[in-house]
$ cat query.pdb   # PDB, C-alpha atoms and all ligand atoms
ATOM      1  CA  MET A   8     -12.497  -5.672   8.461
ATOM      2  CA  ASN A   9     -12.794  -3.425  11.470
ATOM      3  CA  PRO A  10     -12.537   0.095  10.034
ATOM      4  CA  CYS A  11     -11.326   1.654  13.276
ATOM      5  CA  TYR A  12      -9.921   0.989  16.752
ATOM      6  CA  PRO A  13      -9.330  -1.674  17.896
ATOM      7  CA  PHE A  14      -7.767  -2.696  14.632
ATOM      8  CA  VAL A  15      -7.505  -6.427  14.012
ATOM      9  CA  ASN A  16      -5.360  -8.400  11.615
ATOM     10  CA  THR A  17      -7.780  -9.918   9.146
ATOM     11  CA  PRO A  18      -6.577 -12.965   7.183
ATOM     12  CA  LEU A  19      -4.948 -12.563   3.808
ATOM     13  CA  PRO A  20      -7.503 -12.812   0.979
ATOM     14  CA  TYR A  21      -5.534 -15.836  -0.341
ATOM     15  CA  ALA A  22      -3.362 -18.633   1.046
ATOM     16  CA  TYR A  23       0.173 -17.846   2.213
ATOM     17  CA  ASP A  24       1.554 -19.900  -0.674
ATOM     18  CA  ALA A  25      -0.879 -18.579  -3.294
ATOM     19  CA  LEU A  26       1.637 -16.172  -4.830
ATOM     20  CA  GLU A  27       4.318 -18.848  -5.337
ATOM     21  CA  PRO A  28       6.634 -19.011  -7.206
ATOM     22  CA  PHE A  29       6.805 -15.219  -7.403
ATOM     23  CA  ILE A  30       6.493 -14.397  -3.719
ATOM     24  CA  ASP A  31       7.278 -17.194  -1.310
ATOM     25  CA  GLN A  32       5.083 -18.610   1.426
ATOM     26  CA  LYS A  33       7.474 -17.869   4.292
ATOM     27  CA  THR A  34       7.796 -14.224   3.313
ATOM     28  CA  MET A  35       4.013 -13.853   3.072
ATOM     29  CA  TYR A  36       3.533 -15.519   6.450
ATOM     30  CA  LEU A  37       6.101 -13.373   8.252
ATOM     31  CA  HIS A  38       5.061 -10.221   6.432
ATOM     32  CA  HIS A  39       1.390 -10.596   7.335
ATOM     33  CA  ASP A  40       1.456 -12.359  10.700
ATOM     34  CA  SER A  41       4.499 -10.649  12.159
ATOM     35  CA  HIS A  42       5.279  -7.332  10.463
ATOM     36  CA  LEU A  43       1.679  -6.194   9.929
ATOM     37  CA  GLN A  44       0.590  -7.563  13.305
ATOM     38  CA  THR A  45       3.254  -5.456  15.018
ATOM     39  CA  TYR A  46       1.995  -2.270  13.339
ATOM     40  CA  ILE A  47      -1.572  -3.121  14.390
ATOM     41  CA  ASP A  48      -0.565  -3.779  18.012
ATOM     42  CA  ARG A  49       1.447  -0.564  18.204
ATOM     43  CA  LEU A  50      -1.308   1.515  16.621
ATOM     44  CA  ASN A  51      -3.906   0.133  19.057
ATOM     45  CA  ALA A  52      -1.575   0.877  21.990
ATOM     46  CA  LEU A  53      -1.069   4.430  20.744
ATOM     47  CA  LEU A  54      -4.798   5.067  20.347
ATOM     48  CA  GLU A  55      -5.812   3.445  23.636
ATOM     49  CA  PRO A  56      -5.520   6.659  25.727
ATOM     50  CA  TYR A  57      -7.288   8.810  23.079
ATOM     51  CA  PRO A  58     -10.998   7.887  22.850
ATOM     52  CA  HIS A  59     -11.714  10.811  20.503
ATOM     53  CA  LEU A  60      -9.385   9.243  17.912
ATOM     54  CA  GLN A  61     -10.750   5.725  18.258
ATOM     55  CA  GLY A  62     -13.580   6.249  15.767
ATOM     56  CA  CYS A  63     -11.177   7.319  13.024
ATOM     57  CA  SER A  64     -10.453   5.083  10.073
ATOM     58  CA  LEU A  65      -6.894   4.681   8.855
ATOM     59  CA  THR A  66      -7.646   7.078   6.000
ATOM     60  CA  ASP A  67      -9.048   9.660   8.441
ATOM     61  CA  LEU A  68      -5.944   9.437  10.607
ATOM     62  CA  LEU A  69      -3.456   9.504   7.750
ATOM     63  CA  SER A  70      -5.031  12.291   5.729
ATOM     64  CA  SER A  71      -5.356  14.498   8.817
ATOM     65  CA  LEU A  72      -2.041  13.902  10.549
ATOM     66  CA  TRP A  73      -1.382  17.622  10.760
ATOM     67  CA  LYS A  74      -4.423  17.994  13.040
ATOM     68  CA  LEU A  75      -3.098  15.543  15.615
ATOM     69  CA  PRO A  76      -1.274  16.688  18.730
ATOM     70  CA  CYS A  77       2.425  17.093  17.915
ATOM     71  CA  PRO A  78       3.792  14.201  19.974
ATOM     72  CA  LEU A  79       1.369  11.805  18.259
ATOM     73  CA  ARG A  80       1.889  12.929  14.687
ATOM     74  CA  THR A  81       5.002  10.939  13.847
ATOM     75  CA  SER A  82       4.137   7.837  15.827
ATOM     76  CA  ILE A  83       0.590   7.570  14.456
ATOM     77  CA  GLY A  84       1.887   8.366  10.978
ATOM     78  CA  ASN A  85       4.351   5.483  11.251
ATOM     79  CA  GLN A  86       2.031   2.900  12.807
ATOM     80  CA  ALA A  87      -1.222   3.765  10.997
ATOM     81  CA  GLY A  88       0.845   4.090   7.829
ATOM     82  CA  GLY A  89       2.305   0.641   8.442
ATOM     83  CA  VAL A  90      -1.167  -0.867   8.756
ATOM     84  CA  TYR A  91      -2.610   1.031   5.788
ATOM     85  CA  CYS A  92       0.322   0.392   3.422
ATOM     86  CA  HIS A  93       0.474  -3.325   4.221
ATOM     87  CA  ARG A  94      -3.254  -3.971   3.915
ATOM     88  CA  PHE A  95      -3.292  -2.053   0.658
ATOM     89  CA  PHE A  96      -0.287  -4.008  -0.603
ATOM     90  CA  PHE A  97      -1.658  -7.448   0.337
ATOM     91  CA  GLU A  98      -5.088  -6.698  -1.137
ATOM     92  CA  GLY A  99      -3.391  -5.425  -4.278
ATOM     93  CA  MET A 100      -2.001  -8.863  -5.115
ATOM     94  CA  SER A 101      -3.676 -12.068  -6.256
ATOM     95  CA  PRO A 102      -2.608 -15.353  -7.787
ATOM     96  CA  GLY A 103      -2.529 -15.344 -11.559
ATOM     97  CA  GLY A 104      -2.416 -11.582 -11.975
ATOM     98  CA  ARG A 105      -3.523 -10.348 -15.354
ATOM     99  CA  GLN A 106      -3.268  -7.113 -17.259
ATOM    100  CA  PRO A 107      -5.462  -4.205 -16.224
ATOM    101  CA  ASN A 108      -8.794  -3.936 -17.958
ATOM    102  CA  GLY A 109     -11.868  -1.740 -17.751
ATOM    103  CA  LYS A 110     -11.207   1.983 -17.476
ATOM    104  CA  LEU A 111      -7.739   1.716 -15.984
ATOM    105  CA  LEU A 112      -5.935   0.271 -19.014
ATOM    106  CA  PRO A 113      -6.819   3.134 -21.392
ATOM    107  CA  ALA A 114      -6.023   5.628 -18.616
ATOM    108  CA  ILE A 115      -2.575   4.042 -18.159
ATOM    109  CA  GLN A 116      -2.001   4.023 -21.926
ATOM    110  CA  LYS A 117      -3.004   7.674 -22.152
ATOM    111  CA  GLN A 118      -0.789   8.746 -19.266
ATOM    112  CA  PHE A 119       2.312   6.639 -19.886
ATOM    113  CA  GLY A 120       2.145   5.749 -23.603
ATOM    114  CA  SER A 121       1.594   2.016 -23.119
ATOM    115  CA  PHE A 122       1.216  -0.546 -20.371
ATOM    116  CA  ASP A 123       4.780  -1.741 -21.003
ATOM    117  CA  GLN A 124       6.074   1.792 -20.692
ATOM    118  CA  PHE A 125       4.189   2.194 -17.412
ATOM    119  CA  LYS A 126       5.783  -1.021 -16.114
ATOM    120  CA  LYS A 127       9.235   0.265 -17.063
ATOM    121  CA  LEU A 128       8.699   3.609 -15.337
ATOM    122  CA  PHE A 129       7.147   2.056 -12.239
ATOM    123  CA  SER A 130       9.945  -0.524 -11.965
ATOM    124  CA  LYS A 131      12.593   2.161 -12.336
ATOM    125  CA  GLN A 132      11.104   4.282  -9.574
ATOM    126  CA  ALA A 133      10.560   1.293  -7.265
ATOM    127  CA  ALA A 134      14.165   0.191  -7.781
ATOM    128  CA  ALA A 135      15.404   3.690  -6.990
ATOM    129  CA  VAL A 136      13.700   4.000  -3.573
ATOM    130  CA  PHE A 137      16.592   4.634  -1.228
ATOM    131  CA  GLY A 138      16.325   2.441   1.837
ATOM    132  CA  SER A 139      12.799   1.391   2.798
ATOM    133  CA  GLY A 140       9.543   2.564   1.280
ATOM    134  CA  TYR A 141       6.926   2.036  -1.385
ATOM    135  CA  ALA A 142       6.191   2.768  -5.029
ATOM    136  CA  TRP A 143       2.615   3.770  -5.844
ATOM    137  CA  LEU A 144       0.324   4.236  -8.810
ATOM    138  CA  VAL A 145      -1.963   7.061  -7.744
ATOM    139  CA  PHE A 146      -4.784   9.217  -9.081
ATOM    140  CA  ARG A 147      -5.450  12.894  -8.418
ATOM    141  CA  ASN A 148      -7.137  15.708 -10.357
ATOM    142  CA  GLY A 149      -7.963  13.465 -13.289
ATOM    143  CA  ALA A 150      -4.410  12.181 -13.811
ATOM    144  CA  LEU A 151      -2.474   9.045 -12.967
ATOM    145  CA  SER A 152       1.058   9.271 -11.660
ATOM    146  CA  ILE A 153       3.792   7.133 -10.155
ATOM    147  CA  LEU A 154       5.372   8.246  -6.912
ATOM    148  CA  THR A 155       7.444   6.815  -4.113
ATOM    149  CA  THR A 156       7.288   7.270  -0.360
ATOM    150  CA  ALA A 157       9.783   6.603   2.405
ATOM    151  CA  ASN A 158       9.242   4.259   5.338
ATOM    152  CA  GLN A 159       5.480   3.955   6.021
ATOM    153  CA  ASP A 160       4.477   7.326   4.586
ATOM    154  CA  THR A 161       1.406   7.355   2.351
ATOM    155  CA  PRO A 162       0.295   9.655  -0.490
ATOM    156  CA  LEU A 163      -2.983  10.363   1.363
ATOM    157  CA  LEU A 164      -1.735  13.574   2.970
ATOM    158  CA  GLU A 165      -1.318  15.115  -0.480
ATOM    159  CA  GLY A 166      -4.814  14.086  -1.490
ATOM    160  CA  TYR A 167      -3.810  11.285  -3.861
ATOM    161  CA  ARG A 168      -6.004   8.231  -4.234
ATOM    162  CA  PRO A 169      -3.749   5.166  -4.370
ATOM    163  CA  LEU A 170      -4.498   2.387  -6.842
ATOM    164  CA  ILE A 171      -1.553   0.019  -6.378
ATOM    165  CA  ASN A 172       1.468  -0.009  -4.098
ATOM    166  CA  LEU A 173       4.645  -2.059  -3.976
ATOM    167  CA  ASP A 174       6.436  -2.655  -0.689
ATOM    168  CA  VAL A 175      10.181  -2.413  -1.340
ATOM    169  CA  TRP A 176      11.310  -2.825   2.259
ATOM    170  CA  GLU A 177      13.863  -5.637   2.252
ATOM    171  CA  HIS A 178      11.634  -7.791   4.497
ATOM    172  CA  ALA A 179       9.215  -7.996   1.541
ATOM    173  CA  TYR A 180      11.660  -9.912  -0.637
ATOM    174  CA  TYR A 181      14.961 -10.745   1.027
ATOM    175  CA  LEU A 182      14.213 -14.421   1.853
ATOM    176  CA  LYS A 183      13.614 -15.263  -1.806
ATOM    177  CA  HIS A 184      15.245 -12.546  -3.857
ATOM    178  CA  TYR A 185      18.091 -11.637  -1.479
ATOM    179  CA  ASN A 186      19.339  -8.193  -2.470
ATOM    180  CA  LEU A 187      17.965  -8.379  -6.022
ATOM    181  CA  ARG A 188      15.148  -5.851  -5.756
ATOM    182  CA  ALA A 189      14.779  -5.626  -9.546
ATOM    183  CA  ASP A 190      13.972  -9.363  -9.719
ATOM    184  CA  TYR A 191      11.405  -8.966  -6.962
ATOM    185  CA  ILE A 192       9.751  -6.077  -8.808
ATOM    186  CA  GLN A 193       9.547  -8.187 -11.958
ATOM    187  CA  ASP A 194       7.995 -11.076 -10.004
ATOM    188  CA  TRP A 195       5.545  -8.767  -8.247
ATOM    189  CA  PHE A 196       4.165  -7.691 -11.620
ATOM    190  CA  GLN A 197       3.076 -11.335 -12.113
ATOM    191  CA  VAL A 198       0.753 -11.145  -9.110
ATOM    192  CA  VAL A 199      -0.691  -7.624  -9.238
ATOM    193  CA  ASN A 200      -4.424  -7.685  -8.599
ATOM    194  CA  TRP A 201      -5.508  -5.465 -11.473
ATOM    195  CA  GLU A 202      -9.163  -6.173 -10.747
ATOM    196  CA  MET A 203      -8.688  -4.518  -7.361
ATOM    197  CA  ALA A 204      -6.813  -1.642  -8.980
ATOM    198  CA  GLU A 205      -9.719  -1.192 -11.417
ATOM    199  CA  LEU A 206     -12.183  -1.134  -8.517
ATOM    200  CA  ARG A 207     -10.091   1.448  -6.689
ATOM    201  CA  PHE A 208      -9.828   3.509  -9.873
ATOM    202  CA  GLN A 209     -13.586   3.472 -10.415
ATOM    203  CA  ASN A 210     -14.105   4.524  -6.770
ATOM    204  CA  ALA A 211     -11.595   7.337  -7.244
ATOM    205  CA  LEU A 212     -13.349   8.485 -10.429
ATOM    206  CA  SER A 213     -16.715   8.667  -8.695
ATOM    207  CA  SER A 214     -15.490  10.208  -5.418
ATOM    208  CA  ALA A 215     -14.964  13.778  -4.416
ATOM    209  CA  PRO A 216     -11.299  14.812  -4.205
ATOM    210  CA  LEU A 217      -9.705  13.601  -0.991
ATOM    211  CA  CYS A 218      -9.592  16.732   1.087
ATOM    212  CA  PRO A 219      -7.857  16.434   4.448
ATOM    213  CA  CYS A 220      -9.880  19.414   5.716
ATOM    214  CA  ARG A 221     -13.171  17.534   5.746
ATOM    215  CA  HIS A 222     -12.033  15.016   8.325
ATOM    216  CA  ASN A 223     -13.164  16.072  11.731
ATOM    217  CA  ILE A 224     -10.455  14.856  14.064
TER     218      ILE A 224
HETATM  219 MN   MN3 A 301       6.362  -4.554   4.565
END
$ encode --input "query.pdb" --output "structure tokens"
Amino acid sequence: MNPCYPFVNTPLPYAYDALEPFIDQKTMYLHHDSHLQTYIDRLNALLEPYPHLQGCSLTDLLSSLWKLPCPLRTSIGNQAGGVYCHRFFFEGMSPGGRQPNGKLLPAIQKQFGSFDQFKKLFSKQAAAVFGSGYAWLVFRNGALSILTTANQDTPLLEGYRPLINLDVWEHAYYLKHYNLRADYIQDWFQVVNWEMAELRFQNALSSAPLCPCRHNI
């Protein structure tokens, strides 16, 4: 995957129909090939006149938005956020999702009481996102937490390290689940890639805190 400009839309790590019957093939196709592609095209167009920003990764851009020239801040936040959130979401799913294992399961149990309790809390917050946005399981300062963001905002600006995110924009589920977001959330839990979440958690545990100040934009 190209880590910086020009960003390209890499294939999904599984077939479009691999998440059936929980997430349908047509939704996955449109979501990846149309929605994500549009964010990539718009981000590349935005960065085209700014060579000094073209070496920045998505994480660099999103955790340092406040350093960008004012007119660019919102537009890059939206488009880079759209690319980051979607890639993170697609890579965070896999066919035949299992329960978390490794270090993440005990950390979830410690933070939320049990894995079932975590699922209940996460589902409740995801269902309560008003309009479009995401629910996230994140890690910061030695603790896990659940948070939600609006539109294509990410938790990176606040120094969180995301482990899992759930896209609750209607385009993520409307073709199959219509307006029943709660059913979609339940189905999504069947295809969460907990191995990827474990990998992200182990990276977060062994990394320095994400400090926006260290990015030299
Ligand atoms: Mn989406």
$ resolve_selection --input "query.pdb" --expression "the PyMOL selection byres (((chain A and resi 199-207) around 9) and not hetatm)" --output "PyMOL selection string"
chain A and resi 98-112+168-171+195-198+208-212
$ resolve_selection --input "query.pdb" --expression "the PyMOL selection byres (((chain A and resi 118-126) around 9) and not hetatm)" --output "list in words"
Gln106, Pro107, Leu112, Pro113, Ala114, Ile115, Gln116, Lys117, Lys127, Leu128, Phe129, Ser130, Lys131, Ala150, Leu151, Ser152, Ile153 and Phe196 of chain A
$ write_last_selection --input "query.pdb" --atoms "C-alpha atoms" --output "PDB file, in the coordinates of the input"
ATOM      1  CA  GLN A 106      -3.268  -7.113 -17.259  1.00  0.00           C
ATOM      2  CA  PRO A 107      -5.462  -4.205 -16.224  1.00  0.00           C
ATOM      3  CA  LEU A 112      -5.935   0.271 -19.014  1.00  0.00           C
ATOM      4  CA  PRO A 113      -6.819   3.134 -21.392  1.00  0.00           C
ATOM      5  CA  ALA A 114      -6.023   5.628 -18.616  1.00  0.00           C
ATOM      6  CA  ILE A 115      -2.575   4.042 -18.159  1.00  0.00           C
ATOM      7  CA  GLN A 116      -2.001   4.023 -21.926  1.00  0.00           C
ATOM      8  CA  LYS A 117      -3.004   7.674 -22.152  1.00  0.00           C
ATOM      9  CA  LYS A 127       9.235   0.265 -17.063  1.00  0.00           C
ATOM     10  CA  LEU A 128       8.699   3.609 -15.337  1.00  0.00           C
ATOM     11  CA  PHE A 129       7.147   2.056 -12.239  1.00  0.00           C
ATOM     12  CA  SER A 130       9.945  -0.524 -11.965  1.00  0.00           C
ATOM     13  CA  LYS A 131      12.593   2.161 -12.336  1.00  0.00           C
ATOM     14  CA  ALA A 150      -4.410  12.181 -13.811  1.00  0.00           C
ATOM     15  CA  LEU A 151      -2.474   9.045 -12.967  1.00  0.00           C
ATOM     16  CA  SER A 152       1.058   9.271 -11.660  1.00  0.00           C
ATOM     17  CA  ILE A 153       3.792   7.133 -10.155  1.00  0.00           C
ATOM     18  CA  PHE A 196       4.165  -7.691 -11.620  1.00  0.00           C
TER      19      PHE A 196
END
$ closest_residue --input "query.pdb" --among "A:Asp194, A:Asp48, A:Asp31, A:Glu177" --to "ligand MN3 301 (chain A)" --atoms "all atoms listed in the file"
A:Glu177
$ closest_atom_pairs --input "query.pdb" --of "chain A" --to "ligand MN3 301 (chain A)" --cutoff "7 Å" --atoms "only C-alpha atoms and all ligand atoms" --output "JSON lines"
{"residue": "A:His38", "atom": "CA", "partner": "A:MN3_301", "partner_atom": "MN", "distance": 6.1}
{"residue": "A:His42", "atom": "CA", "partner": "A:MN3_301", "partner_atom": "MN", "distance": 6.6}
{"residue": "A:His93", "atom": "CA", "partner": "A:MN3_301", "partner_atom": "MN", "distance": 6.0}
{"residue": "A:Asp174", "atom": "CA", "partner": "A:MN3_301", "partner_atom": "MN", "distance": 5.6}
{"residue": "A:Trp176", "atom": "CA", "partner": "A:MN3_301", "partner_atom": "MN", "distance": 5.7}
{"residue": "A:His178", "atom": "CA", "partner": "A:MN3_301", "partner_atom": "MN", "distance": 6.2}
{"residue": "A:Ala179", "atom": "CA", "partner": "A:MN3_301", "partner_atom": "MN", "distance": 5.4}
$ resolve_selection --input "query.pdb" --expression "the PyMOL selection byres (((chain A and resi 68) around 12) and not hetatm)" --output "MDAnalysis selection string"
chainID A and resid 10:12 50 54 59:67 69:76 79:88 90:91 161 163:164 219:224
$ write_last_selection --input "query.pdb" --atoms "C-alpha atoms" --output "PDB file, in the frame of the given file"
ATOM      1  CA  PRO A  10     -12.537   0.095  10.034  1.00  0.00           C
ATOM      2  CA  CYS A  11     -11.326   1.654  13.276  1.00  0.00           C
ATOM      3  CA  TYR A  12      -9.921   0.989  16.752  1.00  0.00           C
ATOM      4  CA  LEU A  50      -1.308   1.515  16.621  1.00  0.00           C
ATOM      5  CA  LEU A  54      -4.798   5.067  20.347  1.00  0.00           C
ATOM      6  CA  HIS A  59     -11.714  10.811  20.503  1.00  0.00           C
ATOM      7  CA  LEU A  60      -9.385   9.243  17.912  1.00  0.00           C
ATOM      8  CA  GLN A  61     -10.750   5.725  18.258  1.00  0.00           C
ATOM      9  CA  GLY A  62     -13.580   6.249  15.767  1.00  0.00           C
ATOM     10  CA  CYS A  63     -11.177   7.319  13.024  1.00  0.00           C
ATOM     11  CA  SER A  64     -10.453   5.083  10.073  1.00  0.00           C
ATOM     12  CA  LEU A  65      -6.894   4.681   8.855  1.00  0.00           C
ATOM     13  CA  THR A  66      -7.646   7.078   6.000  1.00  0.00           C
ATOM     14  CA  ASP A  67      -9.048   9.660   8.441  1.00  0.00           C
ATOM     15  CA  LEU A  69      -3.456   9.504   7.750  1.00  0.00           C
ATOM     16  CA  SER A  70      -5.031  12.291   5.729  1.00  0.00           C
ATOM     17  CA  SER A  71      -5.356  14.498   8.817  1.00  0.00           C
ATOM     18  CA  LEU A  72      -2.041  13.902  10.549  1.00  0.00           C
ATOM     19  CA  TRP A  73      -1.382  17.622  10.760  1.00  0.00           C
ATOM     20  CA  LYS A  74      -4.423  17.994  13.040  1.00  0.00           C
ATOM     21  CA  LEU A  75      -3.098  15.543  15.615  1.00  0.00           C
ATOM     22  CA  PRO A  76      -1.274  16.688  18.730  1.00  0.00           C
ATOM     23  CA  LEU A  79       1.369  11.805  18.259  1.00  0.00           C
ATOM     24  CA  ARG A  80       1.889  12.929  14.687  1.00  0.00           C
ATOM     25  CA  THR A  81       5.002  10.939  13.847  1.00  0.00           C
ATOM     26  CA  SER A  82       4.137   7.837  15.827  1.00  0.00           C
ATOM     27  CA  ILE A  83       0.590   7.570  14.456  1.00  0.00           C
ATOM     28  CA  GLY A  84       1.887   8.366  10.978  1.00  0.00           C
ATOM     29  CA  ASN A  85       4.351   5.483  11.251  1.00  0.00           C
ATOM     30  CA  GLN A  86       2.031   2.900  12.807  1.00  0.00           C
ATOM     31  CA  ALA A  87      -1.222   3.765  10.997  1.00  0.00           C
ATOM     32  CA  GLY A  88       0.845   4.090   7.829  1.00  0.00           C
ATOM     33  CA  VAL A  90      -1.167  -0.867   8.756  1.00  0.00           C
ATOM     34  CA  TYR A  91      -2.610   1.031   5.788  1.00  0.00           C
ATOM     35  CA  THR A 161       1.406   7.355   2.351  1.00  0.00           C
ATOM     36  CA  LEU A 163      -2.983  10.363   1.363  1.00  0.00           C
ATOM     37  CA  LEU A 164      -1.735  13.574   2.970  1.00  0.00           C
ATOM     38  CA  PRO A 219      -7.857  16.434   4.448  1.00  0.00           C
ATOM     39  CA  CYS A 220      -9.880  19.414   5.716  1.00  0.00           C
ATOM     40  CA  ARG A 221     -13.171  17.534   5.746  1.00  0.00           C
ATOM     41  CA  HIS A 222     -12.033  15.016   8.325  1.00  0.00           C
ATOM     42  CA  ASN A 223     -13.164  16.072  11.731  1.00  0.00           C
ATOM     43  CA  ILE A 224     -10.455  14.856  14.064  1.00  0.00           C
TER      44      ILE A 224
END
$ closest_residue --input "query.pdb" --among "A:Leu182, A:Gln193, A:Ser213, A:Asn148" --to "Leu37 (chain A)" --atoms "all atoms listed in the file"
A:Leu182
$ atom_distance --input "query.pdb" --atom1 "CA of Trp143 (chain A)" --atom2 "CA of Ala52 (chain A)"
28.3 Å
$ closest_residue --input "query.pdb" --among "A:Asn158, A:Asn186, A:Thr17, A:Thr45" --to "Arg94 (chain A)" --atoms "only C-alpha atoms"
A:Thr17
$ closest_residue --input "query.pdb" --among "A:Gln159, A:Ala133, A:Lys183, A:Cys77" --to "Gly89 (chain A)" --atoms "all atoms listed in the file"
A:Gln159
$ atom_distance --input "query.pdb" --atom1 "CA of Ala189 (chain A)" --atom2 "CA of Leu43 (chain A)"
23.5 Å
$ closest_residue --input "query.pdb" --among "A:Ala22, A:Gly149, A:Ser139, A:Phe96" --to "Val175 (chain A)" --atoms "only C-alpha atoms"
A:Ser139
$ atom_distance --input "query.pdb" --atom1 "CA of Pro18 (chain A)" --atom2 "CA of Ile30 (chain A)"
17.1 Å
$ closest_residue --input "query.pdb" --among "A:Phe97, A:Phe137, A:Tyr167, A:Tyr46" --to "Tyr21 (chain A)" --atoms "all atoms listed in the file"
A:Phe97
$ decode --input "query.pdb" --residues "region 143-170 of chain A" --atoms "C-alpha atoms" --output "PDB file, in the first residue's frame"
ATOM      1  CA  TRP A 143     -14.049   2.987  17.773  1.00  0.00           C
ATOM      2  CA  LEU A 144     -12.227   0.810  20.265  1.00  0.00           C
ATOM      3  CA  VAL A 145      -9.113   2.803  21.090  1.00  0.00           C
ATOM      4  CA  PHE A 146      -6.063   2.683  23.344  1.00  0.00           C
ATOM      5  CA  ARG A 147      -4.318   5.564  25.093  1.00  0.00           C
ATOM      6  CA  ASN A 148      -2.261   5.916  28.281  1.00  0.00           C
ATOM      7  CA  GLY A 149      -2.565   2.241  29.125  1.00  0.00           C
ATOM      8  CA  ALA A 150      -6.369   2.103  28.899  1.00  0.00           C
ATOM      9  CA  LEU A 151      -8.928   0.930  26.375  1.00  0.00           C
ATOM     10  CA  SER A 152     -12.004   2.996  25.667  1.00  0.00           C
ATOM     11  CA  ILE A 153     -14.939   3.204  23.290  1.00  0.00           C
ATOM     12  CA  LEU A 154     -15.609   6.478  21.535  1.00  0.00           C
ATOM     13  CA  THR A 155     -17.515   7.778  18.559  1.00  0.00           C
ATOM     14  CA  THR A 156     -16.637  10.335  15.911  1.00  0.00           C
ATOM     15  CA  ALA A 157     -18.739  12.306  13.459  1.00  0.00           C
ATOM     16  CA  ASN A 158     -18.395  12.198   9.683  1.00  0.00           C
ATOM     17  CA  GLN A 159     -14.802  11.208   8.780  1.00  0.00           C
ATOM     18  CA  ASP A 160     -13.159  12.488  11.957  1.00  0.00           C
ATOM     19  CA  THR A 161     -10.600  10.191  13.570  1.00  0.00           C
ATOM     20  CA  PRO A 162      -9.374   9.803  17.167  1.00  0.00           C
ATOM     21  CA  LEU A 163      -5.774  10.413  16.008  1.00  0.00           C
ATOM     22  CA  LEU A 164      -5.818  14.125  16.823  1.00  0.00           C
ATOM     23  CA  GLU A 165      -6.348  13.293  20.494  1.00  0.00           C
ATOM     24  CA  GLY A 166      -3.478  10.831  20.470  1.00  0.00           C
ATOM     25  CA  TYR A 167      -5.579   7.663  20.616  1.00  0.00           C
ATOM     26  CA  ARG A 168      -4.396   4.514  18.893  1.00  0.00           C
ATOM     27  CA  PRO A 169      -7.395   2.900  17.191  1.00  0.00           C
ATOM     28  CA  LEU A 170      -7.845  -0.864  17.344  1.00  0.00           C
TER      29      LEU A 170
END
